[in-house]
Amino acid sequence: DSESKMAKLQLFGSYVALITPFTDADEVDYECIMGLVEWHVKEGTAGIVPCGTTGESPTLSEEEHFKVIETVVKAAAGRIQVIGGAGGNCTKKVVAATEKCKALGCTAVLSVIPYYNKPTQGGLIAHFTAVNAVGVPMMLYNIPGRCGGAGMTSATIAELYKLPMVCSVKEATGSVDFASEIASVCDIAIFSGDDSLVVPLMSVGGKGVVSVAANLCPAKMAALCSAMQAGDLKTATTLHKELYALCKAMFCETNPIPCKAAGAMMGKWKDNTRLPLTKLEPQNAPAIKAALQAAGLL
């Protein structure tokens, strides 16, 4: 078993849950995506996670979904890892999407626990075992808040970690205690799914973050992860305080609505979302602006 563990993909640092920019004509702005990848490479982001929920994957057509991933892989050109969003709640479709990500050259895939149809723990194990057979490294995504039920138990995560392709878990339960529980039963690489919990999560052994705020402050989020890895709590805490208001502001409305508005204020992309997501409510704009200023981004 130690051999398969040695062979597992090692992930570390700040991974950006990339937004999908749209033009005013509601088309995916592929040119903007290429520019964003270039920026993340320069800023020290460890990897790009396109077509997750932050990337508005529910409202991308299948063609757009894979074209976004392909665009990111090509722009990355091997300089930065790419973890393609390939999760879903139909195992057959998830296997097909995972195969596509593998063919496009993704480093790994992000695979969410099936939502809405709420499989049992046994169903989750069977689902991810089928996805594992594709043969591309996998980051599991545990987010009960978007899936109903209690998500994966630590025992299920430990069982799934025995699969050769399962290398990490994005932990979005918001519970540092649960992350500690996972770490106590297996060696899976734990990534925070909550920007404001990176410091506590890494202090109990987490390896980094899949971040929404890194869409806006990639260098600072990468620096925070590096500081934690180096055991420099002083620097990490300073960065945490600087970014805290921004991390919280990203969820004043449904993600990625605030992130889209914030990036537009910074001139990174146009403030366009796809229905059923709408633009930021005007009364929330001042708080976003203040958070960007506190983080030194405006």
# chains A, B, ... in the order shown; residues from 1 in each chain; ligands from 1

call {"tool": "residues_around", "arguments": {"residues": "Lys220 of chain A", "least_positions_apart": "2", "cutoff": "12 Å", "atoms": "only C-alpha atoms", "output": "short mmCIF file (atom, residue, chain, number, x, y, z; two decimals) with all heavy atoms, in the first residue's frame"}}
result
data_model
loop_
_atom_site.label_atom_id
_atom_site.label_comp_id
_atom_site.auth_asym_id
_atom_site.auth_seq_id
_atom_site.Cartn_x
_atom_site.Cartn_y
_atom_site.Cartn_z
N GLY A 13 -0.94 24.14 -1.62
CA GLY A 13 -0.99 25.59 -1.85
C GLY A 13 -2.37 26.13 -2.18
O GLY A 13 -3.39 25.55 -1.82
N SER A 14 -2.37 27.24 -2.91
CA SER A 14 -3.61 27.94 -3.24
C SER A 14 -4.08 27.58 -4.65
O SER A 14 -3.39 27.86 -5.63
CB SER A 14 -3.40 29.45 -3.13
OG SER A 14 -4.53 30.14 -3.64
N HIS A 40 -2.47 34.19 -12.98
CA HIS A 40 -2.31 33.22 -11.87
C HIS A 40 -0.93 32.57 -11.88
O HIS A 40 -0.36 32.32 -10.82
CB HIS A 40 -3.42 32.18 -11.90
CG HIS A 40 -4.72 32.68 -11.35
ND1 HIS A 40 -4.91 32.90 -10.01
CD2 HIS A 40 -5.88 33.06 -11.95
CE1 HIS A 40 -6.12 33.39 -9.80
NE2 HIS A 40 -6.73 33.50 -10.97
N GLU A 43 1.34 35.17 -10.40
CA GLU A 43 1.05 35.48 -8.99
C GLU A 43 1.38 34.34 -8.03
O GLU A 43 1.30 34.50 -6.82
CB GLU A 43 -0.42 35.86 -8.84
CG GLU A 43 -0.81 37.13 -9.57
CD GLU A 43 -0.61 38.39 -8.75
OE1 GLU A 43 -1.24 38.53 -7.68
OE2 GLU A 43 0.20 39.24 -9.16
N GLY A 44 1.70 33.16 -8.57
CA GLY A 44 2.10 32.05 -7.70
C GLY A 44 0.98 31.11 -7.26
O GLY A 44 1.15 30.33 -6.32
N THR A 45 -0.16 31.17 -7.95
CA THR A 45 -1.24 30.21 -7.68
C THR A 45 -0.72 28.80 -8.01
O THR A 45 -0.01 28.63 -9.00
CB THR A 45 -2.47 30.57 -8.55
OG1 THR A 45 -2.93 31.87 -8.18
CG2 THR A 45 -3.61 29.57 -8.36
N ASP A 195 -12.41 30.05 2.44
CA ASP A 195 -11.27 30.96 2.43
C ASP A 195 -10.87 31.47 3.81
O ASP A 195 -9.70 31.69 4.08
CB ASP A 195 -11.57 32.17 1.54
CG ASP A 195 -11.41 31.84 0.06
OD1 ASP A 195 -10.46 31.10 -0.27
OD2 ASP A 195 -12.21 32.32 -0.76
N SER A 211 -9.82 28.18 -3.51
CA SER A 211 -10.23 29.51 -3.07
C SER A 211 -11.06 30.30 -4.07
O SER A 211 -10.76 30.32 -5.26
CB SER A 211 -8.94 30.29 -2.75
OG SER A 211 -9.23 31.65 -2.52
N ALA A 213 -11.64 33.70 -3.17
CA ALA A 213 -10.96 34.99 -3.06
C ALA A 213 -9.69 35.07 -3.91
O ALA A 213 -9.29 36.15 -4.33
CB ALA A 213 -10.63 35.29 -1.60
N ALA A 214 -9.07 33.91 -4.18
CA ALA A 214 -7.86 33.90 -5.02
C ALA A 214 -8.14 34.39 -6.44
O ALA A 214 -7.21 34.71 -7.18
CB ALA A 214 -7.24 32.50 -5.07
N ASN A 215 -9.41 34.47 -6.83
CA ASN A 215 -9.77 35.10 -8.11
C ASN A 215 -9.38 36.58 -8.09
O ASN A 215 -9.21 37.19 -9.15
CB ASN A 215 -11.27 34.99 -8.36
CG ASN A 215 -11.69 33.66 -8.94
OD1 ASN A 215 -11.40 33.36 -10.09
ND2 ASN A 215 -12.37 32.84 -8.14
N LEU A 216 -9.27 37.15 -6.89
CA LEU A 216 -9.04 38.59 -6.73
C LEU A 216 -7.66 38.89 -6.16
O LEU A 216 -7.04 39.89 -6.50
CB LEU A 216 -10.11 39.18 -5.81
CG LEU A 216 -11.56 38.83 -6.18
CD1 LEU A 216 -12.51 39.19 -5.04
CD2 LEU A 216 -11.98 39.53 -7.47
N CYS A 217 -7.18 38.03 -5.26
CA CYS A 217 -5.89 38.28 -4.59
C CYS A 217 -5.03 37.03 -4.60
O CYS A 217 -4.67 36.51 -3.54
CB CYS A 217 -6.12 38.75 -3.15
SG CYS A 217 -7.15 37.60 -2.19
N PRO A 218 -4.69 36.51 -5.80
CA PRO A 218 -3.96 35.24 -5.86
C PRO A 218 -2.62 35.23 -5.12
O PRO A 218 -2.32 34.27 -4.42
CB PRO A 218 -3.77 35.01 -7.36
CG PRO A 218 -4.10 36.28 -8.04
CD PRO A 218 -5.00 37.04 -7.14
N ALA A 222 -1.71 32.70 -2.00
CA ALA A 222 -0.56 31.79 -2.16
C ALA A 222 0.45 32.03 -1.03
O ALA A 222 0.98 31.07 -0.45
CB ALA A 222 0.09 32.00 -3.52
N ALA A 223 0.68 33.30 -0.71
CA ALA A 223 1.63 33.65 0.36
C ALA A 223 1.14 33.15 1.71
O ALA A 223 1.94 32.69 2.54
CB ALA A 223 1.82 35.17 0.40
N LEU A 224 -0.17 33.21 1.94
CA LEU A 224 -0.75 32.73 3.19
C LEU A 224 -0.48 31.22 3.34
O LEU A 224 -0.04 30.77 4.40
CB LEU A 224 -2.25 33.03 3.21
CG LEU A 224 -2.98 32.88 4.54
CD1 LEU A 224 -4.23 33.75 4.56
CD2 LEU A 224 -3.39 31.45 4.82
N CYS A 225 -0.71 30.46 2.27
CA CYS A 225 -0.47 29.02 2.30
C CYS A 225 1.01 28.70 2.53
O CYS A 225 1.35 27.82 3.33
CB CYS A 225 -0.94 28.35 1.00
SG CYS A 225 -2.73 28.37 0.78
N SER A 226 1.88 29.44 1.84
CA SER A 226 3.33 29.23 2.00
C SER A 226 3.79 29.55 3.41
O SER A 226 4.62 28.83 3.98
CB SER A 226 4.11 30.08 1.00
OG SER A 226 3.76 29.70 -0.32
N ALA A 227 3.25 30.62 3.98
CA ALA A 227 3.61 31.01 5.35
C ALA A 227 3.19 29.91 6.34
O ALA A 227 3.95 29.56 7.24
CB ALA A 227 2.95 32.34 5.71
N THR A 235 3.21 35.88 9.85
CA THR A 235 2.89 36.35 8.50
C THR A 235 1.51 35.85 8.07
O THR A 235 0.70 36.61 7.52
CB THR A 235 3.95 35.85 7.49
OG1 THR A 235 5.23 36.36 7.89
CG2 THR A 235 3.65 36.31 6.07
N ALA A 236 1.24 34.58 8.33
CA ALA A 236 -0.04 33.98 7.94
C ALA A 236 -1.21 34.69 8.61
O ALA A 236 -2.22 34.99 7.96
CB ALA A 236 -0.06 32.49 8.29
N THR A 237 -1.07 35.00 9.89
CA THR A 237 -2.14 35.66 10.63
C THR A 237 -2.37 37.08 10.11
O THR A 237 -3.50 37.54 10.00
CB THR A 237 -1.83 35.67 12.15
OG1 THR A 237 -1.54 34.33 12.55
CG2 THR A 237 -3.02 36.16 12.95
N THR A 238 -1.27 37.77 9.79
CA THR A 238 -1.39 39.12 9.22
C THR A 238 -2.18 39.08 7.91
O THR A 238 -3.10 39.87 7.71
CB THR A 238 0.02 39.73 8.97
OG1 THR A 238 0.72 39.75 10.22
CG2 THR A 238 -0.08 41.14 8.42
N LEU A 239 -1.82 38.14 7.03
CA LEU A 239 -2.52 37.99 5.75
C LEU A 239 -3.98 37.59 5.97
O LEU A 239 -4.89 38.10 5.31
CB LEU A 239 -1.81 36.95 4.87
CG LEU A 239 -0.51 37.42 4.22
CD1 LEU A 239 0.31 36.24 3.74
CD2 LEU A 239 -0.81 38.36 3.05
N HIS A 240 -4.20 36.69 6.92
CA HIS A 240 -5.56 36.24 7.24
C HIS A 240 -6.44 37.43 7.63
O HIS A 240 -7.55 37.57 7.14
CB HIS A 240 -5.49 35.21 8.39
CG HIS A 240 -6.83 34.88 8.99
ND1 HIS A 240 -7.72 34.04 8.37
CD2 HIS A 240 -7.42 35.31 10.13
CE1 HIS A 240 -8.81 33.95 9.14
NE2 HIS A 240 -8.65 34.72 10.19
N LYS A 241 -5.91 38.30 8.50
CA LYS A 241 -6.69 39.47 8.94
C LYS A 241 -6.95 40.43 7.79
O LYS A 241 -8.03 41.01 7.69
CB LYS A 241 -5.95 40.18 10.08
CG LYS A 241 -6.02 39.42 11.40
CD LYS A 241 -5.20 40.12 12.48
CE LYS A 241 -5.23 39.36 13.79
NZ LYS A 241 -4.20 39.84 14.73
N GLU A 242 -5.93 40.59 6.94
CA GLU A 242 -6.05 41.48 5.78
C GLU A 242 -7.15 41.00 4.83
O GLU A 242 -7.86 41.81 4.23
CB GLU A 242 -4.72 41.45 5.02
CG GLU A 242 -4.08 42.78 4.81
CD GLU A 242 -2.70 42.63 4.18
OE1 GLU A 242 -2.62 42.41 2.97
OE2 GLU A 242 -1.71 42.70 4.93
N LEU A 243 -7.24 39.69 4.66
CA LEU A 243 -8.15 39.12 3.67
C LEU A 243 -9.50 38.70 4.25
O LEU A 243 -10.41 38.35 3.50
CB LEU A 243 -7.50 37.89 3.00
CG LEU A 243 -6.19 38.13 2.26
CD1 LEU A 243 -5.65 36.83 1.69
CD2 LEU A 243 -6.38 39.15 1.14
N TYR A 244 -9.62 38.72 5.58
CA TYR A 244 -10.83 38.17 6.21
C TYR A 244 -12.12 38.82 5.72
O TYR A 244 -13.07 38.13 5.34
CB TYR A 244 -10.74 38.27 7.75
CG TYR A 244 -11.95 37.68 8.42
CD1 TYR A 244 -12.13 36.30 8.48
CD2 TYR A 244 -12.93 38.50 8.98
CE1 TYR A 244 -13.26 35.75 9.08
CE2 TYR A 244 -14.07 37.96 9.57
CZ TYR A 244 -14.22 36.58 9.62
OH TYR A 244 -15.34 36.03 10.20
N LEU A 246 -12.69 40.35 2.97
CA LEU A 246 -12.92 39.98 1.57
C LEU A 246 -13.47 38.55 1.47
O LEU A 246 -14.42 38.30 0.74
CB LEU A 246 -11.62 40.11 0.77
CG LEU A 246 -11.74 39.88 -0.74
CD1 LEU A 246 -12.60 40.96 -1.38
CD2 LEU A 246 -10.36 39.85 -1.39
N ALA A 295 -8.11 44.84 1.65
CA ALA A 295 -7.15 43.84 1.18
C ALA A 295 -6.08 44.46 0.27
O ALA A 295 -5.23 43.75 -0.27
CB ALA A 295 -7.88 42.71 0.44
N GLY A 296 -6.15 45.78 0.08
CA GLY A 296 -5.17 46.48 -0.74
C GLY A 296 -5.32 46.20 -2.22
O GLY A 296 -4.35 46.25 -2.98
N LEU A 297 -6.54 45.93 -2.66
CA LEU A 297 -6.77 45.56 -4.06
C LEU A 297 -7.41 46.67 -4.88
O LEU A 297 -7.54 46.55 -6.09
CB LEU A 297 -7.63 44.30 -4.13
CG LEU A 297 -7.04 43.04 -3.47
CD1 LEU A 297 -8.09 41.95 -3.37
CD2 LEU A 297 -5.83 42.54 -4.24
#

call {"tool": "residues_around", "arguments": {"residues": "Met202 of chain A", "least_positions_apart": "5", "cutoff": "8 Å", "atoms": "only C-alpha atoms", "output": "VMD selection string"}}
result
chain A and resid 207 to 208 225 228 to 229

call {"tool": "write_last_selection", "arguments": {"atoms": "all heavy atoms", "output": "PDB file, in the first residue's frame"}}
result
ATOM      1  N   LYS A 207      -3.413  21.047   3.598  1.00  0.00           N
ATOM      2  CA  LYS A 207      -2.353  21.339   2.622  1.00  0.00           C
ATOM      3  C   LYS A 207      -2.569  22.630   1.840  1.00  0.00           C
ATOM      4  O   LYS A 207      -1.724  23.038   1.054  1.00  0.00           O
ATOM      5  CB  LYS A 207      -2.246  20.180   1.614  1.00  0.00           C
ATOM      6  CG  LYS A 207      -1.873  18.848   2.239  1.00  0.00           C
ATOM      7  CD  LYS A 207      -0.465  18.853   2.784  1.00  0.00           C
ATOM      8  CE  LYS A 207      -0.073  17.476   3.297  1.00  0.00           C
ATOM      9  NZ  LYS A 207       0.975  17.537   4.316  1.00  0.00           N
ATOM     10  N   GLY A 208      -3.735  23.250   2.004  1.00  0.00           N
ATOM     11  CA  GLY A 208      -3.986  24.472   1.237  1.00  0.00           C
ATOM     12  C   GLY A 208      -5.461  24.764   1.111  1.00  0.00           C
ATOM     13  O   GLY A 208      -6.264  24.372   1.955  1.00  0.00           O
ATOM     14  N   CYS A 225      -0.712  30.465   2.271  1.00  0.00           N
ATOM     15  CA  CYS A 225      -0.470  29.015   2.297  1.00  0.00           C
ATOM     16  C   CYS A 225       1.009  28.702   2.531  1.00  0.00           C
ATOM     17  O   CYS A 225       1.349  27.825   3.331  1.00  0.00           O
ATOM     18  CB  CYS A 225      -0.936  28.353   0.996  1.00  0.00           C
ATOM     19  SG  CYS A 225      -2.726  28.369   0.777  1.00  0.00           S
ATOM     20  N   MET A 228       1.999  29.363   6.146  1.00  0.00           N
ATOM     21  CA  MET A 228       1.532  28.289   7.029  1.00  0.00           C
ATOM     22  C   MET A 228       2.419  27.056   6.891  1.00  0.00           C
ATOM     23  O   MET A 228       2.764  26.408   7.874  1.00  0.00           O
ATOM     24  CB  MET A 228       0.067  27.930   6.735  1.00  0.00           C
ATOM     25  CG  MET A 228      -0.943  28.901   7.319  1.00  0.00           C
ATOM     26  SD  MET A 228      -0.807  29.176   9.107  1.00  0.00           S
ATOM     27  CE  MET A 228      -1.242  27.568   9.760  1.00  0.00           C
ATOM     28  N   GLN A 229       2.800  26.733   5.658  1.00  0.00           N
ATOM     29  CA  GLN A 229       3.651  25.561   5.441  1.00  0.00           C
ATOM     30  C   GLN A 229       5.021  25.756   6.106  1.00  0.00           C
ATOM     31  O   GLN A 229       5.591  24.820   6.661  1.00  0.00           O
ATOM     32  CB  GLN A 229       3.853  25.286   3.944  1.00  0.00           C
ATOM     33  CG  GLN A 229       4.561  23.957   3.703  1.00  0.00           C
ATOM     34  CD  GLN A 229       5.056  23.800   2.277  1.00  0.00           C
ATOM     35  OE1 GLN A 229       5.377  24.773   1.603  1.00  0.00           O
ATOM     36  NE2 GLN A 229       5.112  22.562   1.800  1.00  0.00           N
TER      37      GLN A 229
END

call {"tool": "residues_around", "arguments": {"residues": "segment 48-59 of chain A", "least_positions_apart": "4", "cutoff": "6 Å", "atoms": "only C-alpha atoms", "output": "list in words"}}
result
Tyr15, Val16, Ala17, Leu18, Ile19, Thr20, Val82, Ile83, Gly84, Gly85 and Pro256 of chain A

call {"tool": "select_by_dssp", "arguments": {"residues": "segment 49-244 of chain A", "states": "strand (DSSP E)", "output": "ChimeraX atom specification"}}
result
/A:49,81-85,108-112,138-142,166-171,189-192,208-211

call {"tool": "atom_distance", "arguments": {"atom1": "atom CA of Ala179 of chain A", "atom2": "atom CA of Gln121 of chain A"}}
result
17.8 Å

call {"tool": "closest_residue", "arguments": {"among": "A:Val176, A:Leu298, A:Val209, A:Ala264", "to": "Ala189 of chain A", "atoms": "only C-alpha atoms"}}
result
A:Val209

call {"tool": "residues_around", "arguments": {"residues": "Thr278 of chain A", "least_positions_apart": "5", "cutoff": "10 Å", "atoms": "only C-alpha atoms", "output": "ChimeraX atom specification"}}
result
/A:253-254,256-257,271-273

call {"tool": "closest_atom_pairs", "arguments": {"of": "segment 63-176 of chain A", "to": "segment 35-38 of chain A", "cutoff": "10 Å", "atoms": "only C-alpha atoms", "output": "tab-separated table"}}
result
residue	atom	partner	partner_atom	distance
A:Thr71	CA	A:Val37	CA	9.3
A:Val72	CA	A:Val37	CA	6.6
A:Val73	CA	A:Val37	CA	9.1
A:Lys74	CA	A:Val37	CA	9.6
A:Ala75	CA	A:Val37	CA	6.3
A:Ala76	CA	A:Val37	CA	6.3
A:Ala77	CA	A:Val37	CA	9.9
A:Arg79	CA	A:Glu38	CA	9.6
A:Ile80	CA	A:Val37	CA	8.7

call {"tool": "select_by_dssp", "arguments": {"residues": "segment 27-253 of chain A", "states": "helix (DSSP H, G or I)", "output": "ChimeraX atom specification"}}
result
/A:30-43,57-59,62-76,91-104,121-132,144-147,154-160,176-185,195-203,213-215,218-229,233-249

call {"tool": "closest_residue", "arguments": {"among": "A:Ser175, A:Ser192, A:Ser168, A:Gln283", "to": "Met138 of chain A", "atoms": "only C-alpha atoms"}}
result
A:Ser168

call {"tool": "closest_residue", "arguments": {"among": "A:Tyr161, A:Phe191, A:Trp269, A:Phe251", "to": "Ile288 of chain A", "atoms": "only C-alpha atoms"}}
result
A:Phe251

call {"tool": "closest_residue", "arguments": {"among": "A:Cys32, A:Ala108, A:Cys90, A:Cys259", "to": "Val136 of chain A", "atoms": "only C-alpha atoms"}}
result
A:Ala108

call {"tool": "atom_distance", "arguments": {"atom1": "atom CA of Asn284 of chain A", "atom2": "atom CA of Cys247 of chain A"}}
result
14.4 Å

call {"tool": "residues_around", "arguments": {"residues": "Ala133 of chain A", "least_positions_apart": "6", "cutoff": "10 Å", "atoms": "only C-alpha atoms", "output": "PyMOL selection string"}}
result
chain A and resi 95+98-99+163-165

call {"tool": "decode", "arguments": {"residues": "segment 113-124 of chain A", "atoms": "all heavy atoms", "output": "short mmCIF file (atom, residue, chain, number, x, y, z; two decimals), in the first residue's frame"}}
result
data_model
loop_
_atom_site.label_atom_id
_atom_site.label_comp_id
_atom_site.auth_asym_id
_atom_site.auth_seq_id
_atom_site.Cartn_x
_atom_site.Cartn_y
_atom_site.Cartn_z
N ILE A 113 -19.49 15.38 -4.23
CA ILE A 113 -20.42 14.31 -3.84
C ILE A 113 -21.73 14.57 -4.58
O ILE A 113 -22.17 15.72 -4.69
CB ILE A 113 -20.63 14.25 -2.30
CG1 ILE A 113 -21.04 15.60 -1.71
CG2 ILE A 113 -19.39 13.74 -1.60
CD1 ILE A 113 -21.37 15.56 -0.23
N PRO A 114 -22.35 13.52 -5.13
CA PRO A 114 -23.60 13.72 -5.88
C PRO A 114 -24.65 14.46 -5.05
O PRO A 114 -24.90 14.12 -3.90
CB PRO A 114 -24.04 12.29 -6.21
CG PRO A 114 -22.75 11.53 -6.29
CD PRO A 114 -21.90 12.12 -5.19
N TYR A 115 -25.21 15.50 -5.66
CA TYR A 115 -26.17 16.37 -4.99
C TYR A 115 -27.59 16.02 -5.41
O TYR A 115 -27.82 15.37 -6.42
CB TYR A 115 -25.87 17.85 -5.34
CG TYR A 115 -25.48 18.01 -6.80
CD1 TYR A 115 -26.44 18.13 -7.79
CD2 TYR A 115 -24.13 17.97 -7.17
CE1 TYR A 115 -26.08 18.23 -9.13
CE2 TYR A 115 -23.76 18.07 -8.51
CZ TYR A 115 -24.74 18.19 -9.48
OH TYR A 115 -24.38 18.26 -10.80
N TYR A 116 -28.53 16.44 -4.65
CA TYR A 116 -29.97 16.33 -4.90
C TYR A 116 -30.52 14.91 -4.79
O TYR A 116 -31.53 14.69 -4.15
CB TYR A 116 -30.37 16.95 -6.26
CG TYR A 116 -31.83 17.33 -6.29
CD1 TYR A 116 -32.30 18.43 -5.58
CD2 TYR A 116 -32.76 16.57 -6.99
CE1 TYR A 116 -33.63 18.76 -5.56
CE2 TYR A 116 -34.11 16.90 -6.99
CZ TYR A 116 -34.55 17.99 -6.27
OH TYR A 116 -35.87 18.31 -6.25
N ASN A 117 -29.85 13.92 -5.39
CA ASN A 117 -30.36 12.55 -5.23
C ASN A 117 -29.78 11.84 -4.01
O ASN A 117 -30.15 10.71 -3.73
CB ASN A 117 -30.20 11.72 -6.52
CG ASN A 117 -28.81 11.81 -7.12
OD1 ASN A 117 -27.90 12.40 -6.55
ND2 ASN A 117 -28.64 11.22 -8.29
N LYS A 118 -28.87 12.49 -3.30
CA LYS A 118 -28.43 12.08 -1.95
C LYS A 118 -28.11 10.59 -1.79
O LYS A 118 -28.82 9.88 -1.08
CB LYS A 118 -29.49 12.45 -0.92
CG LYS A 118 -29.77 13.93 -0.79
CD LYS A 118 -30.76 14.16 0.35
CE LYS A 118 -31.17 15.62 0.44
NZ LYS A 118 -32.17 15.81 1.51
N PRO A 119 -27.04 10.08 -2.42
CA PRO A 119 -26.70 8.68 -2.21
C PRO A 119 -26.27 8.39 -0.76
O PRO A 119 -25.87 9.30 -0.03
CB PRO A 119 -25.51 8.45 -3.15
CG PRO A 119 -24.98 9.81 -3.46
CD PRO A 119 -26.13 10.75 -3.35
N THR A 120 -26.37 7.13 -0.37
CA THR A 120 -25.89 6.69 0.95
C THR A 120 -24.36 6.67 0.93
O THR A 120 -23.74 6.85 -0.12
CB THR A 120 -26.39 5.27 1.24
OG1 THR A 120 -25.85 4.41 0.22
CG2 THR A 120 -27.90 5.18 1.23
N GLN A 121 -23.76 6.40 2.08
CA GLN A 121 -22.29 6.29 2.15
C GLN A 121 -21.82 5.18 1.20
O GLN A 121 -20.83 5.34 0.49
CB GLN A 121 -21.83 6.01 3.58
CG GLN A 121 -22.17 7.13 4.57
CD GLN A 121 -21.57 8.48 4.22
OE1 GLN A 121 -20.37 8.61 3.98
NE2 GLN A 121 -22.40 9.52 4.17
N GLY A 122 -22.56 4.08 1.16
CA GLY A 122 -22.22 2.98 0.23
C GLY A 122 -22.32 3.44 -1.22
O GLY A 122 -21.49 3.05 -2.06
N GLY A 123 -23.31 4.28 -1.50
CA GLY A 123 -23.48 4.82 -2.85
C GLY A 123 -22.34 5.75 -3.23
O GLY A 123 -21.86 5.74 -4.37
N LEU A 124 -21.87 6.55 -2.26
CA LEU A 124 -20.74 7.45 -2.50
C LEU A 124 -19.48 6.65 -2.83
O LEU A 124 -18.74 6.98 -3.74
CB LEU A 124 -20.49 8.34 -1.27
CG LEU A 124 -21.56 9.40 -0.97
CD1 LEU A 124 -21.31 10.04 0.39
CD2 LEU A 124 -21.59 10.47 -2.05
#
